[in-house]
$ cat input-v8.pdb   # PDB, C-alpha atoms
MODEL        1
ATOM      1  CA  ARG A  24     -35.286   2.729  -7.386
ATOM      2  CA  LYS A  25     -36.780   4.199  -4.225
ATOM      3  CA  ARG A  26     -35.487   1.230  -2.231
ATOM      4  CA  VAL A  27     -31.891   2.479  -2.668
ATOM      5  CA  GLY A  28     -32.668   6.145  -2.046
ATOM      6  CA  ALA A  29     -32.262   7.174  -5.683
ATOM      7  CA  VAL A  30     -33.774  10.482  -6.715
ATOM      8  CA  ASP A  31     -32.946  10.119 -10.423
ATOM      9  CA  LYS A  32     -31.178   7.773 -12.825
ATOM     10  CA  HIS A  33     -29.401   7.752 -16.159
ATOM     11  CA  LEU A  34     -30.126   4.626 -18.226
ATOM     12  CA  ASP A  35     -27.706   2.668 -20.427
ATOM     13  CA  GLN A  36     -24.677   4.936 -20.097
ATOM     14  CA  TYR A  37     -21.684   4.331 -22.383
ATOM     15  CA  LEU A  38     -18.721   5.957 -20.620
ATOM     16  CA  THR A  39     -15.027   6.136 -21.457
ATOM     17  CA  ASN A  40     -11.760   7.454 -20.113
ATOM     18  CA  PRO A  41      -8.249   7.127 -21.607
ATOM     19  CA  LEU A  42      -7.853   3.567 -20.213
ATOM     20  CA  ILE A  43     -11.240   1.852 -20.061
ATOM     21  CA  ARG A  44     -14.773   2.055 -21.400
ATOM     22  CA  GLY A  45     -18.025   0.432 -20.406
ATOM     23  CA  ARG A  46     -21.790   0.391 -20.757
ATOM     24  CA  ILE A  47     -23.509   0.825 -17.397
ATOM     25  CA  ASP A  48     -27.123  -0.350 -17.063
ATOM     26  CA  GLU A  49     -28.083   2.508 -14.732
ATOM     27  CA  VAL A  50     -26.269   5.376 -13.018
ATOM     28  CA  LEU A  51     -28.304   6.265  -9.934
ATOM     29  CA  VAL A  52     -28.383   9.785  -8.476
ATOM     30  CA  LEU A  53     -28.673   9.264  -4.715
ATOM     31  CA  ALA A  54     -30.306  11.615  -2.206
ATOM     32  CA  ASP A  55     -26.908  12.440  -0.624
ATOM     33  CA  GLY A  56     -25.599  13.830  -3.937
ATOM     34  CA  THR A  57     -23.412  10.834  -4.770
ATOM     35  CA  LEU A  58     -23.876   8.568  -7.779
ATOM     36  CA  ALA A  59     -23.913   4.761  -7.928
ATOM     37  CA  PRO A  60     -23.703   2.178 -10.699
ATOM     38  CA  LEU A  61     -26.494  -0.385 -10.839
ATOM     39  CA  ASP A  62     -25.793  -3.521 -12.845
ATOM     40  CA  TYR A  63     -28.303  -6.232 -13.733
ATOM     41  CA  LYS A  64     -26.989  -9.797 -13.600
ATOM     42  CA  PHE A  65     -28.877 -12.599 -15.340
ATOM     43  CA  ALA A  66     -27.857 -14.878 -12.493
ATOM     44  CA  VAL A  67     -28.993 -16.496  -9.261
ATOM     45  CA  TYR A  68     -27.634 -14.949  -6.047
ATOM     46  CA  GLU A  69     -25.744 -17.708  -4.226
ATOM     47  CA  GLY A  70     -24.844 -15.878  -1.021
ATOM     48  CA  LYS A  71     -21.616 -14.322  -2.296
ATOM     49  CA  ILE A  72     -20.549 -11.665  -4.763
ATOM     50  CA  TYR A  73     -18.055 -12.831  -7.368
ATOM     51  CA  GLU A  74     -14.828 -10.825  -7.538
ATOM     52  CA  THR A  75     -15.431 -10.153 -11.248
ATOM     53  CA  TYR A  76     -18.741  -8.450 -10.352
ATOM     54  CA  ARG A  77     -16.996  -6.322  -7.701
ATOM     55  CA  THR A  78     -14.214  -5.343 -10.108
ATOM     56  CA  GLN A  79     -16.773  -4.389 -12.739
ATOM     57  CA  LEU A  80     -18.520  -2.076 -10.240
ATOM     58  CA  TYR A  81     -15.152  -0.536  -9.278
ATOM     59  CA  CYS A  82     -14.423   0.186 -12.952
ATOM     60  CA  TYR A  83     -17.885   1.672 -13.384
ATOM     61  CA  ALA A  84     -17.342   3.859 -10.296
ATOM     62  CA  TRP A  85     -14.111   5.206 -11.787
ATOM     63  CA  LEU A  86     -15.830   5.950 -15.106
ATOM     64  CA  ILE A  87     -18.792   7.647 -13.408
ATOM     65  CA  GLU A  88     -16.570   9.862 -11.256
ATOM     66  CA  GLU A  89     -14.529  10.977 -14.271
ATOM     67  CA  ASN A  90     -17.533  11.572 -16.540
ATOM     68  CA  PHE A  91     -20.039  13.060 -14.061
ATOM     69  CA  ASP A  92     -17.567  14.692 -11.614
ATOM     70  CA  LYS A  93     -19.497  13.270  -8.643
ATOM     71  CA  GLU A  94     -18.408  10.883  -5.879
ATOM     72  CA  VAL A  95     -19.230   7.163  -6.025
ATOM     73  CA  ASN A  96     -18.970   5.209  -2.754
ATOM     74  CA  ARG A  97     -21.285   2.254  -3.430
ATOM     75  CA  GLY A  98     -22.769   0.241  -6.232
ATOM     76  CA  PHE A  99     -25.682  -2.123  -6.652
ATOM     77  CA  LEU A 100     -26.201  -5.518  -8.250
ATOM     78  CA  VAL A 101     -29.639  -6.841  -9.216
ATOM     79  CA  TYR A 102     -29.817 -10.632  -9.608
ATOM     80  CA  THR A 103     -32.676 -11.130 -12.075
ATOM     81  CA  ARG A 104     -32.902 -14.885 -11.514
ATOM     82  CA  SER A 105     -33.402 -14.406  -7.744
ATOM     83  CA  GLN A 106     -36.587 -12.291  -7.890
ATOM     84  CA  ASN A 107     -34.488  -9.169  -8.663
ATOM     85  CA  LYS A 108     -32.575  -9.448  -5.377
ATOM     86  CA  LEU A 109     -30.743  -6.169  -4.745
ATOM     87  CA  ILE A 110     -27.256  -6.255  -3.202
ATOM     88  CA  GLU A 111     -25.377  -3.110  -2.131
ATOM     89  CA  VAL A 112     -21.589  -3.192  -2.612
ATOM     90  CA  PRO A 113     -19.407  -0.624  -0.803
ATOM     91  CA  ILE A 114     -16.823   1.054  -3.041
ATOM     92  CA  LEU A 115     -13.760   2.532  -1.343
ATOM     93  CA  SER A 116     -11.199   4.950  -2.807
ATOM     94  CA  GLN A 117      -8.616   2.146  -2.784
ATOM     95  CA  ASN A 118     -10.928  -0.075  -4.871
ATOM     96  CA  LYS A 119     -11.061   2.589  -7.590
ATOM     97  CA  GLU A 120      -7.297   3.177  -7.386
ATOM     98  CA  GLU A 121      -6.553  -0.556  -7.740
ATOM     99  CA  VAL A 122      -8.403  -0.841 -11.054
TER     100      VAL A 122
ENDMDL
END
$ encode --input "input-v8.pdb" --output "structure tokens"
Amino acid sequence: RKRVGAVDKHLDQYLTNPLIRGRIDEVLVLADGTLAPLDYKFAVYEGKIYETYRTQLYCYAWLIEENFDKEVNRGFLVYTRSQNKLIEVPILSQNKEEV
């Protein structure tokens, strides 16, 4: 994961809070001290990110922050059917609050 500036990662994380739970493919530890969810999609990238994918990353960000006590301000999608195309998705405080 050097291409996203990750210095470490936690694989296949099952995280919960009182309202939601989820299994995150990878939680990346970034060089700036923040964390980021990385989710693999068995899909072709068609030039846009579906809202359901964004919402899933926002939920993952909320779970990561509550379970790891570290900030999350971006997430990543890997489209396996487009030569593992990597897309970075910004995650704002309001995105986490909305979910």
$ residues_around --input "input-v8.pdb" --residues "Leu53 of chain A" --least-positions-apart "4" --cutoff "8 Å" --atoms "all atoms listed in the file" --output "list of chain:residue names"
A:Val27, A:Gly28, A:Ala29, A:Val30, A:Asp31, A:Thr57, A:Leu58, A:Ala59
$ resolve_selection --input "input-v8.pdb" --expression "the PyMOL selection byres ((chain A and resi 109-119) around 10)" --output "count of residues only"
38
$ atom_distance --input "input-v8.pdb" --atom1 "atom CA of Asp55 of chain A" --atom2 "atom CA of Tyr73 of chain A"
27.6 Å
$ axis_aligned_box --input "input-v8.pdb" --around "segment 57-72 of chain A" --padding-each-side "8 Å" --output "lines of an AutoDock Vina configuration file"
center_x = -24.8
center_y = -3.4
center_z = -8.2
size_x = 24.4
size_y = 44.5
size_z = 30.3
$ atom_distance --input "input-v8.pdb" --atom1 "atom CA of Thr39 of chain A" --atom2 "atom CA of Asn90 of chain A"
7.7 Å
$ atom_distance --input "input-v8.pdb" --atom1 "atom CA of Pro41 of chain A" --atom2 "atom CA of Phe91 of chain A"
15.2 Å
$ resolve_selection --input "input-v8.pdb" --expression "the PyMOL selection byres ((chain A and resi 34-38) around 8)" --output "list in words"
Lys32, His33, Thr39, Asn40, Arg44, Gly45, Arg46, Ile47, Asp48, Glu49, Val50, Leu86, Ile87 and Asn90 of chain A
$ closest_residue --input "input-v8.pdb" --among "A:Arg104, A:Val67, A:Ile43, A:Gly56" --to "Gln79 of chain A" --atoms "only C-alpha atoms"
A:Ile43
